[in-house]
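S.K.: Input file: final.csv. Contents: CSV, N, CA and C atoms.
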```
chain,number,residue,atom,x,y,z
A,1457,MET,N,4.8,-41.2,-9.3
A,1457,MET,CA,5.0,-41.7,-10.7
A,1457,MET,C,5.6,-43.1,-10.7
A,1458,ALA,N,5.4,-43.7,-11.8
A,1458,ALA,CA,5.8,-45.1,-11.9
A,1458,ALA,C,7.3,-45.3,-12.1
A,1459,ALA,N,7.8,-46.4,-11.9
A,1459,ALA,CA,9.2,-46.7,-12.1
A,1459,ALA,C,9.5,-46.8,-13.6
A,1460,LYS,N,10.7,-46.6,-14.0
A,1460,LYS,CA,11.1,-46.6,-15.4
A,1460,LYS,C,10.6,-48.0,-16.1
A,1461,GLU,N,10.8,-49.1,-15.5
A,1461,GLU,CA,10.5,-50.4,-16.1
A,1461,GLU,C,9.0,-50.5,-16.3
A,1462,GLU,N,8.2,-50.0,-15.4
A,1462,GLU,CA,6.7,-50.0,-15.5
A,1462,GLU,C,6.3,-49.2,-16.7
A,1463,VAL,N,6.9,-48.0,-16.8
A,1463,VAL,CA,6.6,-47.1,-17.9
A,1463,VAL,C,7.0,-47.7,-19.2
A,1464,GLN,N,8.2,-48.3,-19.2
A,1464,GLN,CA,8.6,-48.9,-20.5
A,1464,GLN,C,7.7,-50.0,-20.9
A,1465,ASP,N,7.3,-50.9,-20.0
A,1465,ASP,CA,6.4,-52.0,-20.3
A,1465,ASP,C,5.1,-51.4,-20.8
A,1466,LYS,N,4.5,-50.4,-20.3
A,1466,LYS,CA,3.3,-49.8,-20.8
A,1466,LYS,C,3.5,-49.2,-22.2
A,1467,LEU,N,4.6,-48.6,-22.5
A,1467,LEU,CA,4.9,-48.1,-23.8
A,1467,LEU,C,5.0,-49.2,-24.8
A,1468,VAL,N,5.6,-50.3,-24.4
A,1468,VAL,CA,5.7,-51.4,-25.3
A,1468,VAL,C,4.3,-52.0,-25.6
A,1469,ALA,N,3.5,-52.0,-24.6
A,1469,ALA,CA,2.1,-52.5,-24.7
A,1469,ALA,C,1.3,-51.6,-25.7
A,1470,LEU,N,1.7,-50.3,-25.7
A,1470,LEU,CA,1.0,-49.4,-26.7
A,1470,LEU,C,1.5,-49.6,-28.1
A,1471,GLY,N,2.6,-50.4,-28.3
A,1471,GLY,CA,3.1,-50.7,-29.6
A,1471,GLY,C,4.4,-50.1,-30.0
A,1472,PHE,N,5.0,-49.4,-29.0
A,1472,PHE,CA,6.3,-48.8,-29.3
A,1472,PHE,C,7.4,-49.9,-29.2
A,1473,SER,N,8.5,-49.7,-30.0
A,1473,SER,CA,9.5,-50.7,-30.0
A,1473,SER,C,10.3,-50.6,-28.6
A,1474,GLU,N,11.0,-51.7,-28.3
A,1474,GLU,CA,11.8,-51.7,-27.0
A,1474,GLU,C,12.7,-50.5,-27.0
A,1475,THR,N,13.4,-50.2,-28.1
A,1475,THR,CA,14.3,-49.1,-28.2
A,1475,THR,C,13.6,-47.7,-27.9
A,1476,ASP,N,12.5,-47.5,-28.6
A,1476,ASP,CA,11.8,-46.2,-28.4
A,1476,ASP,C,11.3,-46.2,-26.9
A,1477,ALA,N,10.7,-47.3,-26.5
A,1477,ALA,CA,10.1,-47.3,-25.2
A,1477,ALA,C,11.1,-47.1,-24.1
A,1478,GLU,N,12.3,-47.6,-24.2
A,1478,GLU,CA,13.4,-47.4,-23.2
A,1478,GLU,C,13.8,-46.0,-23.1
A,1479,ALA,N,14.0,-45.4,-24.3
A,1479,ALA,CA,14.5,-44.0,-24.3
A,1479,ALA,C,13.4,-43.0,-23.8
A,1480,LEU,N,12.1,-43.3,-24.2
A,1480,LEU,CA,11.0,-42.5,-23.8
A,1480,LEU,C,10.7,-42.6,-22.4
A,1481,ALA,N,10.8,-43.8,-21.8
A,1481,ALA,CA,10.5,-44.0,-20.4
A,1481,ALA,C,11.5,-43.3,-19.6
A,1482,ASP,N,12.8,-43.3,-20.0
A,1482,ASP,CA,13.8,-42.6,-19.3
A,1482,ASP,C,13.5,-41.1,-19.2
A,1483,CYS,N,13.1,-40.6,-20.3
A,1483,CYS,CA,12.8,-39.2,-20.4
A,1483,CYS,C,11.6,-38.8,-19.5
A,1484,LEU,N,10.5,-39.7,-19.5
A,1484,LEU,CA,9.3,-39.4,-18.8
A,1484,LEU,C,9.6,-39.5,-17.3
A,1485,VAL,N,10.3,-40.5,-16.8
A,1485,VAL,CA,10.6,-40.7,-15.4
A,1485,VAL,C,11.5,-39.7,-14.8
A,1486,SER,N,12.6,-39.3,-15.6
A,1486,SER,CA,13.6,-38.4,-15.1
A,1486,SER,C,13.4,-37.0,-15.6
A,1487,ASN,N,12.4,-36.7,-16.4
A,1487,ASN,CA,12.1,-35.4,-17.0
A,1487,ASN,C,13.3,-34.9,-17.8
A,1488,LYS,N,13.9,-35.8,-18.5
A,1488,LYS,CA,15.1,-35.5,-19.4
A,1488,LYS,C,14.7,-35.1,-20.8
A,1489,SER,N,15.5,-34.4,-21.5
A,1489,SER,CA,15.4,-34.1,-22.9
A,1489,SER,C,16.3,-35.0,-23.7
A,1490,LEU,N,15.8,-35.5,-24.8
A,1490,LEU,CA,16.6,-36.4,-25.7
A,1490,LEU,C,16.0,-36.4,-27.1
A,1491,SER,N,16.9,-36.5,-28.1
A,1491,SER,CA,16.5,-36.7,-29.5
A,1491,SER,C,17.2,-37.9,-30.0
A,1492,TRP,N,16.5,-38.6,-30.9
A,1492,TRP,CA,17.1,-39.8,-31.5
A,1492,TRP,C,16.3,-40.1,-32.8
A,1493,VAL,N,17.0,-40.9,-33.7
A,1493,VAL,CA,16.4,-41.3,-35.0
A,1493,VAL,C,16.5,-42.8,-35.1
A,1494,ASN,N,15.5,-43.4,-35.6
A,1494,ASN,CA,15.5,-44.8,-35.9
A,1494,ASN,C,14.5,-45.2,-36.9
A,1495,THR,N,14.4,-46.5,-37.2
A,1495,THR,CA,13.5,-46.9,-38.2
A,1495,THR,C,12.3,-47.7,-37.7
A,1496,ASP,N,12.1,-47.7,-36.4
A,1496,ASP,CA,11.0,-48.4,-35.8
A,1496,ASP,C,9.7,-47.6,-36.0
A,1497,PRO,N,8.7,-48.2,-36.6
A,1497,PRO,CA,7.5,-47.4,-37.0
A,1497,PRO,C,6.7,-46.9,-35.9
A,1498,VAL,N,6.1,-45.7,-36.1
A,1498,VAL,CA,5.3,-45.0,-35.1
A,1498,VAL,C,4.0,-44.6,-35.9
A,1499,ASN,N,2.9,-44.8,-35.3
A,1499,ASN,CA,1.6,-44.4,-36.0
A,1499,ASN,C,0.8,-43.5,-35.1
A,1500,LYS,N,-0.3,-43.0,-35.6
A,1500,LYS,CA,-1.2,-42.0,-34.9
A,1500,LYS,C,-1.8,-42.7,-33.6
A,1501,ALA,N,-2.2,-44.0,-33.8
A,1501,ALA,CA,-2.8,-44.7,-32.6
A,1501,ALA,C,-1.8,-44.8,-31.5
A,1502,MET,N,-0.6,-45.1,-31.8
A,1502,MET,CA,0.4,-45.1,-30.7
A,1502,MET,C,0.7,-43.8,-30.1
A,1503,LEU,N,0.7,-42.7,-30.9
A,1503,LEU,CA,0.9,-41.4,-30.3
A,1503,LEU,C,-0.3,-40.9,-29.5
A,1504,ASP,N,-1.5,-41.3,-30.0
A,1504,ASP,CA,-2.7,-41.0,-29.2
A,1504,ASP,C,-2.7,-41.7,-27.8
A,1505,GLY,N,-2.3,-43.0,-27.9
A,1505,GLY,CA,-2.1,-43.7,-26.6
A,1505,GLY,C,-1.1,-43.1,-25.7
A,1506,LEU,N,0.0,-42.7,-26.3
A,1506,LEU,CA,1.1,-42.0,-25.5
A,1506,LEU,C,0.5,-40.8,-24.8
A,1507,GLY,N,-0.2,-40.0,-25.6
A,1507,GLY,CA,-0.8,-38.7,-25.0
A,1507,GLY,C,-1.7,-39.0,-23.9
A,1508,ALA,N,-2.6,-40.0,-24.0
A,1508,ALA,CA,-3.5,-40.4,-22.9
A,1508,ALA,C,-2.7,-40.9,-21.7
A,1509,PHE,N,-1.7,-41.7,-22.0
A,1509,PHE,CA,-0.8,-42.3,-20.9
A,1509,PHE,C,-0.2,-41.1,-20.1
A,1510,MET,N,0.4,-40.2,-20.9
A,1510,MET,CA,1.1,-39.0,-20.2
A,1510,MET,C,0.1,-38.2,-19.4
A,1511,LYS,N,-1.1,-38.0,-20.0
A,1511,LYS,CA,-2.1,-37.1,-19.2
A,1511,LYS,C,-2.5,-37.9,-18.0
A,1512,GLU,N,-2.8,-39.1,-18.1
A,1512,GLU,CA,-3.2,-39.9,-16.9
A,1512,GLU,C,-2.1,-40.0,-15.9
A,1513,GLY,N,-0.9,-40.1,-16.3
A,1513,GLY,CA,0.2,-40.2,-15.3
A,1513,GLY,C,0.8,-38.9,-14.8
A,1514,GLY,N,0.3,-37.8,-15.4
A,1514,GLY,CA,0.7,-36.5,-15.0
A,1514,GLY,C,2.1,-36.1,-15.5
A,1515,TYR,N,2.5,-36.7,-16.6
A,1515,TYR,CA,3.8,-36.3,-17.1
A,1515,TYR,C,3.7,-35.0,-17.9
A,1516,VAL,N,4.6,-34.1,-17.6
A,1516,VAL,CA,4.6,-32.8,-18.2
A,1516,VAL,C,5.9,-32.8,-19.1
A,1517,ILE,N,5.8,-33.2,-20.3
A,1517,ILE,CA,6.9,-33.3,-21.2
A,1517,ILE,C,6.4,-33.2,-22.6
A,1518,ARG,N,7.2,-32.6,-23.5
A,1518,ARG,CA,6.8,-32.5,-24.9
A,1518,ARG,C,7.5,-33.5,-25.7
A,1519,VAL,N,6.6,-34.2,-26.5
A,1519,VAL,CA,7.1,-35.3,-27.4
A,1519,VAL,C,6.7,-35.0,-28.8
A,1520,SER,N,7.7,-35.0,-29.7
A,1520,SER,CA,7.5,-34.8,-31.1
A,1520,SER,C,8.1,-35.9,-31.9
A,1521,VAL,N,7.4,-36.5,-32.8
A,1521,VAL,CA,7.9,-37.5,-33.7
A,1521,VAL,C,7.6,-37.1,-35.1
A,1522,GLN,N,8.6,-37.0,-35.9
A,1522,GLN,CA,8.5,-36.7,-37.4
A,1522,GLN,C,9.0,-37.8,-38.2
A,1523,GLU,N,8.1,-38.2,-39.2
A,1523,GLU,CA,8.5,-39.3,-40.1
A,1523,GLU,C,9.3,-38.6,-41.2
A,1524,VAL,N,10.4,-39.2,-41.6
A,1524,VAL,CA,11.2,-38.8,-42.7
A,1524,VAL,C,10.7,-39.5,-44.0
A,1525,PRO,N,10.0,-38.8,-44.9
A,1525,PRO,CA,9.5,-39.5,-46.0
A,1525,PRO,C,10.6,-40.1,-46.9
A,1526,ASN,N,10.2,-41.2,-47.5
A,1526,ASN,CA,11.1,-42.0,-48.4
A,1526,ASN,C,12.4,-42.5,-47.7
A,1527,ARG,N,12.5,-42.4,-46.4
A,1527,ARG,CA,13.7,-42.9,-45.8
A,1527,ARG,C,13.4,-44.0,-44.7
A,1528,GLY,N,12.1,-44.1,-44.4
A,1528,GLY,CA,11.7,-45.1,-43.4
A,1528,GLY,C,12.2,-44.8,-42.0
A,1529,LYS,N,12.5,-43.5,-41.7
A,1529,LYS,CA,13.1,-43.2,-40.4
A,1529,LYS,C,12.1,-42.2,-39.7
A,1530,TYR,N,12.3,-42.2,-38.4
A,1530,TYR,CA,11.5,-41.3,-37.5
A,1530,TYR,C,12.4,-40.6,-36.6
A,1531,ILE,N,12.2,-39.3,-36.5
A,1531,ILE,CA,13.0,-38.4,-35.7
A,1531,ILE,C,12.2,-38.1,-34.4
A,1532,TRP,N,12.7,-38.4,-33.3
A,1532,TRP,CA,12.1,-38.2,-32.0
A,1532,TRP,C,12.8,-37.0,-31.3
A,1533,ASP,N,12.0,-36.1,-30.8
A,1533,ASP,CA,12.5,-35.0,-30.0
A,1533,ASP,C,11.6,-34.9,-28.7
A,1534,VAL,N,12.2,-35.2,-27.6
A,1534,VAL,CA,11.5,-35.2,-26.3
A,1534,VAL,C,12.1,-34.2,-25.5
A,1535,GLU,N,11.3,-33.3,-24.9
A,1535,GLU,CA,11.8,-32.1,-24.2
A,1535,GLU,C,11.2,-32.2,-22.8
A,1536,GLY,N,12.0,-32.3,-21.8
A,1536,GLY,CA,11.6,-32.3,-20.4
A,1536,GLY,C,11.2,-30.9,-20.0
A,1537,LYS,N,10.3,-30.8,-19.1
A,1537,LYS,CA,9.8,-29.4,-18.7
A,1537,LYS,C,10.2,-29.3,-17.2
A,1538,ASP,N,10.9,-28.2,-16.9
A,1538,ASP,CA,11.3,-28.0,-15.5
A,1538,ASP,C,10.3,-27.0,-14.8
```
As structure tokens, please, write out the structure in this file.

M.R.:
Amino acid sequence: MAAKEEVQDKLVALGFSETDAEALADCLVSNKSLSWVNTDPVNKAMLDGLGAFMKEGGYVIRVSVQEVPNRGKYIWDVEGKD
């Protein structure tokens, strides 16, 4: 599997913010679970790209992103699989 910095760079290239990419890369590389909330936008194309990246890289982890309507926030829930 790739180093955290490589994963983070790929996630930024997919359109994720530096903040989201850093947290997500840490979870992917170390198989950690983490939840966070922020206002950096996420869209379907980004999530589709993430799914393809995870499949291609063999990452077995669950990622859920929920938009909070009328608040401009996104709730991330990443669950590592052991």

S.K.: Within 9 Å of (16.2, -39.0, -30.7), only C-alpha atoms: residues as a PyMOL selection string?

M.R.: chain A and resi 1476+1479+1490-1494+1521+1530-1534

S.K.: Those residues you just picked out, can you put them in a file as an mmCIF file, keeping the file's coordinate frame with N, CA and C atoms?

M.R.:
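Resulting contents of result.cif:
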```cif
data_model
loop_
_atom_site.group_PDB
_atom_site.id
_atom_site.type_symbol
_atom_site.label_atom_id
_atom_site.label_comp_id
_atom_site.auth_asym_id
_atom_site.auth_seq_id
_atom_site.Cartn_x
_atom_site.Cartn_y
_atom_site.Cartn_z
ATOM 1 N N ASP A 1476 12.500 -47.500 -28.600
ATOM 2 C CA ASP A 1476 11.800 -46.200 -28.400
ATOM 3 C C ASP A 1476 11.300 -46.200 -26.900
ATOM 4 N N ALA A 1479 14.000 -45.400 -24.300
ATOM 5 C CA ALA A 1479 14.500 -44.000 -24.300
ATOM 6 C C ALA A 1479 13.400 -43.000 -23.800
ATOM 7 N N LEU A 1490 15.800 -35.500 -24.800
ATOM 8 C CA LEU A 1490 16.600 -36.400 -25.700
ATOM 9 C C LEU A 1490 16.000 -36.400 -27.100
ATOM 10 N N SER A 1491 16.900 -36.500 -28.100
ATOM 11 C CA SER A 1491 16.500 -36.700 -29.500
ATOM 12 C C SER A 1491 17.200 -37.900 -30.000
ATOM 13 N N TRP A 1492 16.500 -38.600 -30.900
ATOM 14 C CA TRP A 1492 17.100 -39.800 -31.500
ATOM 15 C C TRP A 1492 16.300 -40.100 -32.800
ATOM 16 N N VAL A 1493 17.000 -40.900 -33.700
ATOM 17 C CA VAL A 1493 16.400 -41.300 -35.000
ATOM 18 C C VAL A 1493 16.500 -42.800 -35.100
ATOM 19 N N ASN A 1494 15.500 -43.400 -35.600
ATOM 20 C CA ASN A 1494 15.500 -44.800 -35.900
ATOM 21 C C ASN A 1494 14.500 -45.200 -36.900
ATOM 22 N N VAL A 1521 7.400 -36.500 -32.800
ATOM 23 C CA VAL A 1521 7.900 -37.500 -33.700
ATOM 24 C C VAL A 1521 7.600 -37.100 -35.100
ATOM 25 N N TYR A 1530 12.300 -42.200 -38.400
ATOM 26 C CA TYR A 1530 11.500 -41.300 -37.500
ATOM 27 C C TYR A 1530 12.400 -40.600 -36.600
ATOM 28 N N ILE A 1531 12.200 -39.300 -36.500
ATOM 29 C CA ILE A 1531 13.000 -38.400 -35.700
ATOM 30 C C ILE A 1531 12.200 -38.100 -34.400
ATOM 31 N N TRP A 1532 12.700 -38.400 -33.300
ATOM 32 C CA TRP A 1532 12.100 -38.200 -32.000
ATOM 33 C C TRP A 1532 12.800 -37.000 -31.300
ATOM 34 N N ASP A 1533 12.000 -36.100 -30.800
ATOM 35 C CA ASP A 1533 12.500 -35.000 -30.000
ATOM 36 C C ASP A 1533 11.600 -34.900 -28.700
ATOM 37 N N VAL A 1534 12.200 -35.200 -27.600
ATOM 38 C CA VAL A 1534 11.500 -35.200 -26.300
ATOM 39 C C VAL A 1534 12.100 -34.200 -25.500
#
```

S.K.: Within 7 Å of stretch 1499-1510 of chain A, counting all atoms listed in the file, which residues qualify if same-chain residues fewer than 3 places away don't, as an NGL selection string?

M.R.: :A and (1470-1472 or 1513-1516)

S.K.: Can you tell me how far atom CA of A:Glu1461 sits from atom CA of A:Gly1528, in Å to one decimal?

M.R.: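 Value for the atom CA of A:Glu1461-atom CA of A:Gly1528 distance: 27.8 Å.
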
S.K.: What is the atom CA of A:Glu1462 to atom CA of A:Lys1537 distance in Å?

M.R.: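 Answer for the atom CA of A:Glu1462 to atom CA of A:Lys1537 separation: 21.1 Å.
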
S.K.: Apply DSSP to the structure's backbone, then extract all residues of chain A labelled helix (DSSP H, G or I) and return them as a ChimeraX atom specification.

M.R.: /A:1460-1469,1474-1486,1500-1513

S.K.: What does the distance between atom CA of A:Arg1518 and atom C of A:Ala1459 come to in Å, to one decimal place?

M.R.: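 Between atom CA of A:Arg1518 and atom C of A:Ala1459 the gap is 18.4 Å.
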
S.K.: Taking only chain A into account, list the residues labelled strand (DSSP E or B) by DSSP (computed from the backbone), as a list in words.

M.R.: Leu1490, Ser1491, Trp1492, Val1493, Asn1494, Ile1517, Arg1518, Val1519, Ser1520, Val1521, Gln1522, Glu1523, Val1524, Lys1529, Tyr1530, Ile1531, Trp1532, Asp1533, Val1534, Glu1535 and Gly1536 of chain A

S.K.: Name the closest residue to A:Lys1511 among the candidates A:Glu1474, A:Thr1495, A:Glu1535, A:Leu1484; distances are taken between atoms, counting only C-alpha atoms.

M.R.: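 Among A:Glu1474, A:Thr1495, A:Glu1535, A:Leu1484, it is A:Leu1484 that comes nearest to A:Lys1511.
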
S.K.: Of the residues A:Gln1464, A:Val1524, A:Ser1473, A:Gly1536, which is the one nearest to A:Ser1486, using all atoms listed in the file?

M.R.: A:Gly1536

S.K.: Would you please work out which residue, of A:Val1498, A:Val1468, A:Val1519, A:Ala1458, is nearest to A:Val1485 when using only C-alpha atoms?

M.R.: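 Answer, going by the shortest atom-to-atom distance: A:Ala1458.
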